[in-house]
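Peer 1: Have a look at the structure that comes next, please.
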Amino acid sequence: MFDFDHPINRYASGSIKWQKYAGRDILPMWVADMDFAAPPAVLGALHQHLQRGDLGYAHAPAGMGALVADFIAQTHGWQIDPDWIIWLPGLVSGLNLACRAFGHAGVVTLTPVYPPFLSAPGLAGVALTQIDMCDHADGWQIDFGQLRQRLRRGQLLLLCNPHNPVGRAYTHDELAELAKLAEEFELTICSDEIHADLVLDTDCSHRPIASLDPDSSKRTLTLMAPSKTFNMPGLGCAFAIAESPAIRARLKQAMAGIVPHPNSLAWPAMAAAYRHSRDWRLALLDYLRGNRDLLQQAIAALPALKMHHVQATYLAWIDCRSLGPAPATWFEQYGLGLSDGADFGAPGFVRLNFGCRRQLLQQAIERLQTAIRANTGR
Ligand SMILES: Cc1ncc(COP(=O)(O)O)c(C=O)c1O
């Protein structure tokens with residue numbers, strides 16, 4: 001019903017992902033946007049909007065908050081009040097705002113992690129504590145012992161769930177343990193859940209930490225967006241959700257005069273994504289599952305590389321430490337453009353975005369295999 005194998009010319013639209021290697025035979029498998037066209041309903045809504053010719057300032061259409069709340073209730077079983085929503089032009093803005101508004105006692109996060117988690121505290125002039133995750137035989141785990149030891153009262157916990165880059169969808173028990181620590185240390189939680197709708201494993205589901213219990217709901221600012229799920233990150237539409245009026249007020253104060261609303265095209269796109277693109281999302285998850293399985297099998301056959309099962313996201317976190325320093329640069333010689341683990345706080349790792357046509361992924365796997373074969377003589 002939806003053709004995820006259909007190629008689109010991404011150079012023509014100025015794609016950051018594709019322009020990086022323009023003119024070079026390097027497959028761009030780095031930044032987290034997918035190569036698929038956005039859902040037909042989203043494109044249709046944008047066409048309609050453009051036909052009216054109006055690109056003026058636009059409020060969120062009536063009912064947008066209720067639509068978002070309905071999608072979140074149906075997809076994640078979390079009941080929110082539309083009044084808890086604050087619109088944002090992006091999640092990175094949200095992470096930086098959170099550090100400015102709630103980070104005065106310091107920020108703590110679990111590494112490796114999406115690079116803005118590491119830069120936002122410094123940009124806000126507050127201290128960052130990094131807690132390394134444990135690389136267990138059965139997957140990446142939170143080091144609760146370390147976390148407890150290094151937490152300080154009143155800090156901001158920047159959580160990434162599902163976790164980019166390690167691909168974990170945290171379990172109820174893990175989140176409950178985090179929530180218990182948050183209560184004990186009176187933390188504010190900023191939970192980046194941009195990948196929430198991209199849980200690939202059918203036997204696990206996304207659980208917003210704010211939905212765990214009343215205390216977590218009151219101390220959490222959740223950041224979400226349709227941008228990763230429906231592949232429209234260039235439209236700049238996202239939102240924060242907080243039950244606490246005090247958290248909302250502080251966030252708005254940090255935003256005042258600086259942070260714009262989503263742009264006028266974001267509204268029809270977001271409405272069409274949440275209202276009419278549910279089947280597209282399910283088909284996408286099927287396709288991504290196929291890509292993930294293919295990649296996991298290929299990596300398992302290459303002893304020089306290691307990766308854990310990816311439960312969620314379209315990102316594979318690959319341990320290349322046996323290949324020596326700077327593997328991302330080294331892979332470029334073999335025609336692969338990957339994200340450098342050093343940017344995520346973990347040199348020696350690379351992140352591979354498998355949100356692409358299967359044929360392209362197959363080509364990337366062949367290049368990985370060639371590179372590893374060549375490495376024997378390295
Ligand atoms: C965890 C996480 N948060 C935020 C973003 C970016 O959000 P935005 O484009 O809305 O600023 C990404 C994109 O890769 C991400 O993976």
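The chains in the structure tokens are called A, B, ... from first to last as shown; in each chain the residues are counted from 1, and the ligands are counted from 1 in the order shown.
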Using only C-alpha atoms and all ligand atoms, find each residue in chain A having at least one atom no more than 10 Å away from ligand 1; report its shortest atom-to-atom pair and that distance in Å (one decimal), rows by chain then rising number, as a Markdown table.
Peer 2:
| residue | atom | partner | partner_atom_place_in_ligand_line | distance |
| --- | --- | --- | --- | --- |
| A:Trp30 | CA | ligand 1 | 14 (O) | 9.7 |
| A:Val31 | CA | ligand 1 | 14 (O) | 6.6 |
| A:Ala32 | CA | ligand 1 | 14 (O) | 4.5 |
| A:Asp33 | CA | ligand 1 | 14 (O) | 7.1 |
| A:Leu88 | CA | ligand 1 | 10 (O) | 8.4 |
| A:Pro89 | CA | ligand 1 | 10 (O) | 6.8 |
| A:Gly90 | CA | ligand 1 | 10 (O) | 3.4 |
| A:Leu91 | CA | ligand 1 | 10 (O) | 3.7 |
| A:Val92 | CA | ligand 1 | 11 (O) | 3.8 |
| A:Ser93 | CA | ligand 1 | 11 (O) | 6.1 |
| A:Gly94 | CA | ligand 1 | 11 (O) | 7.7 |
| A:Leu95 | CA | ligand 1 | 4 (C) | 8.0 |
| A:Asn96 | CA | ligand 1 | 11 (O) | 10.0 |
| A:Val113 | CA | ligand 1 | 1 (C) | 7.9 |
| A:Tyr114 | CA | ligand 1 | 1 (C) | 5.6 |
| A:Pro115 | CA | ligand 1 | 2 (C) | 8.7 |
| A:Pro116 | CA | ligand 1 | 4 (C) | 7.8 |
| A:Phe117 | CA | ligand 1 | 3 (N) | 8.4 |
| A:Leu159 | CA | ligand 1 | 1 (C) | 9.0 |
| A:Cys160 | CA | ligand 1 | 1 (C) | 5.9 |
| A:Asn161 | CA | ligand 1 | 1 (C) | 7.7 |
| A:Pro162 | CA | ligand 1 | 1 (C) | 7.8 |
| A:His163 | CA | ligand 1 | 1 (C) | 6.8 |
| A:Asn164 | CA | ligand 1 | 1 (C) | 5.3 |
| A:Pro165 | CA | ligand 1 | 16 (O) | 7.6 |
| A:Ser191 | CA | ligand 1 | 1 (C) | 9.4 |
| A:Asp192 | CA | ligand 1 | 1 (C) | 6.0 |
| A:Glu193 | CA | ligand 1 | 1 (C) | 6.9 |
| A:Ile194 | CA | ligand 1 | 3 (N) | 5.7 |
| A:His195 | CA | ligand 1 | 1 (C) | 6.8 |
| A:Ala196 | CA | ligand 1 | 1 (C) | 9.7 |
| A:Leu223 | CA | ligand 1 | 3 (N) | 8.4 |
| A:Met224 | CA | ligand 1 | 10 (O) | 8.2 |
| A:Ala225 | CA | ligand 1 | 10 (O) | 6.8 |
| A:Pro226 | CA | ligand 1 | 10 (O) | 8.9 |
| A:Ser227 | CA | ligand 1 | 10 (O) | 6.7 |
| A:Lys228 | CA | ligand 1 | 13 (C) | 7.3 |
| A:Met232 | CA | ligand 1 | 9 (O) | 9.2 |
| A:Pro233 | CA | ligand 1 | 9 (O) | 5.5 |
| A:Gly234 | CA | ligand 1 | 9 (O) | 7.3 |
| A:Leu235 | CA | ligand 1 | 9 (O) | 8.8 |
| A:Gly236 | CA | ligand 1 | 10 (O) | 6.3 |
| A:Cys237 | CA | ligand 1 | 10 (O) | 6.7 |
| A:Ala238 | CA | ligand 1 | 10 (O) | 6.0 |
| A:Phe239 | CA | ligand 1 | 10 (O) | 8.9 |
| A:Thr313 | CA | ligand 1 | 16 (O) | 8.5 |
| A:Tyr314 | CA | ligand 1 | 16 (O) | 9.8 |
| A:Leu315 | CA | ligand 1 | 16 (O) | 9.0 |
Peer 1: Report as an MDAnalysis selection string all protein, DNA and RNA residues lying within 12 Å of A:Phe331, evaluated on only C-alpha atoms, omitting residues in the same chain fewer than 3 positions from it.
Peer 2: chainID A and resid 25:30 320 323:328 334:340 348:352 364:365 367:372 374:375
Peer 1: Enumerate as number ranges by chain all residues of stretch 127-193 of chain A assigned to strand (DSSP E or B) by DSSP on the backbone, naming them with the chain letters and numbers the document uses.
Peer 2: A: 128-132, 134-136, 139-141, 156-160, 163, 168, 188-192
Peer 1: Calculated over only C-alpha atoms, which of the candidates A:Ala210, A:Leu157, A:Ala246, A:Asp135 has the smallest distance to A:Met307?
Peer 2: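 Closest to A:Met307 of all the choices is A:Asp135.
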Peer 1: Measuring between only C-alpha atoms, which one of A:Ser205, A:Leu282, A:Ile142, A:Leu156 shows the shortest distance to A:Glu177?
Peer 2: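 Among A:Ser205, A:Leu282, A:Ile142, A:Leu156, it is A:Ile142 that comes nearest to A:Glu177.
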Peer 1: In Å to one decimal, how far is atom CA of A:His104 from atom CA of A:Glu243?
Peer 2: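 Straight-line distance from atom CA of A:Glu243 to atom CA of A:His104 works out to 21.0 Å.
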Peer 1: Which of these residues is nearest to A:Phe71, using only C-alpha atoms: A:Tyr287, A:Tyr274, A:Phe36, A:Phe4?
Peer 2: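 Going through A:Tyr287, A:Tyr274, A:Phe36, A:Phe4 one by one, the smallest distance to A:Phe71 is for A:Tyr274.
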Peer 1: Taking 5 positions as the minimum chain separation for residues in the same chain, which residues sit within 10 Å of stretch 213-220 of chain A when counting only C-alpha atoms? Answer as a list in words.
Peer 2: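 Contacts, with the query itself left out: Ile80, Leu156, Leu157, Leu175, Ala176, Leu178, Ala179, Lys180, Ala182, Glu183, Glu186, Leu187, Thr188, Ile189, Cys190, Ser191, Pro208, Ala240, Ile241, Ala242, Glu243, Ser244, Pro245, Ala246 and Ile247 of chain A.
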Peer 1: Could you tell me how far atom CA of A:Asp343 lies from atom CA of A:Val310, in Å and to one decimal?
Peer 2: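 Rounded to one decimal, the two atoms are 19.8 Å apart.
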Peer 1: List as number ranges by chain the protein and nucleic acid residues near A:His49, meaning an atom at most 8 Å away when only C-alpha atoms are counted, but skip any in the same chain fewer than 4 places from it.
Peer 2: A: 45, 53-54, 265, 268
Peer 1: What residues in stretch 192-320 of chain A get the DSSP label alpha helix (DSSP H)? Please answer as number ranges by chain.
Peer 2: A: 214-219, 245-255, 266-276, 278-300
Peer 1: Atom CA of A:Phe2 and atom CA of A:Arg278 are how many Å apart?
Peer 2: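 Those two atoms sit 12.1 Å apart.
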Peer 1: In terms of the shortest atom-to-atom distance over only C-alpha atoms, which of A:Ala105, A:Leu360, A:Ile258, A:Ile16 is closest to A:Asn291?
Peer 2: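 The closest residue to A:Asn291 is A:Leu360.
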Peer 1: So that I can check the surroundings of A:Ala124, please list as a list of chain:residue names every protein, DNA and RNA residue that reaches within 8 Å of it, counting only C-alpha atoms and ignoring chain neighbours fewer than 4 positions away.
Peer 2: A:Asn96, A:Cys99, A:Arg100, A:Gly103, A:Ala120
Peer 1: Go ahead and dump the residues you just picked, N, CA and C atoms, as a tab-separated table (two decimals), in the first residue's frame.
Peer 2:
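Output below, filename result30.tsv:
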chain	number	residue	atom	x	y	z
A	96	ASN	N	17.47	22.63	25.11
A	96	ASN	CA	18.23	23.80	25.56
A	96	ASN	C	17.42	24.66	26.52
A	99	CYS	N	17.40	23.09	29.97
A	99	CYS	CA	18.63	23.32	30.74
A	99	CYS	C	18.65	24.73	31.32
A	100	ARG	N	18.13	25.71	30.54
A	100	ARG	CA	18.13	27.09	31.03
A	100	ARG	C	17.10	27.28	32.14
A	103	GLY	N	17.99	23.78	34.93
A	103	GLY	CA	19.28	23.13	35.11
A	103	GLY	C	20.21	23.79	36.12
A	120	ALA	N	23.89	21.12	25.41
A	120	ALA	CA	22.89	22.06	25.96
A	120	ALA	C	23.26	22.57	27.36
Peer 1: Which of these residues is nearest to A:Arg281, using only C-alpha atoms: A:Leu55, A:Ala169, A:Leu200, A:Ala137?
Peer 2: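 Looking only at the distances to A:Arg281, the closest residue turns out to be A:Leu200.
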Peer 1: Give the answer as one residue: which of A:Trp18, A:Trp317, A:Phe102, A:Trp280 has the shortest atom-to-atom distance to A:Pro39, using only C-alpha atoms?
Peer 2: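 Nearest candidate to A:Pro39 out of A:Trp18, A:Trp317, A:Phe102, A:Trp280: A:Trp280.
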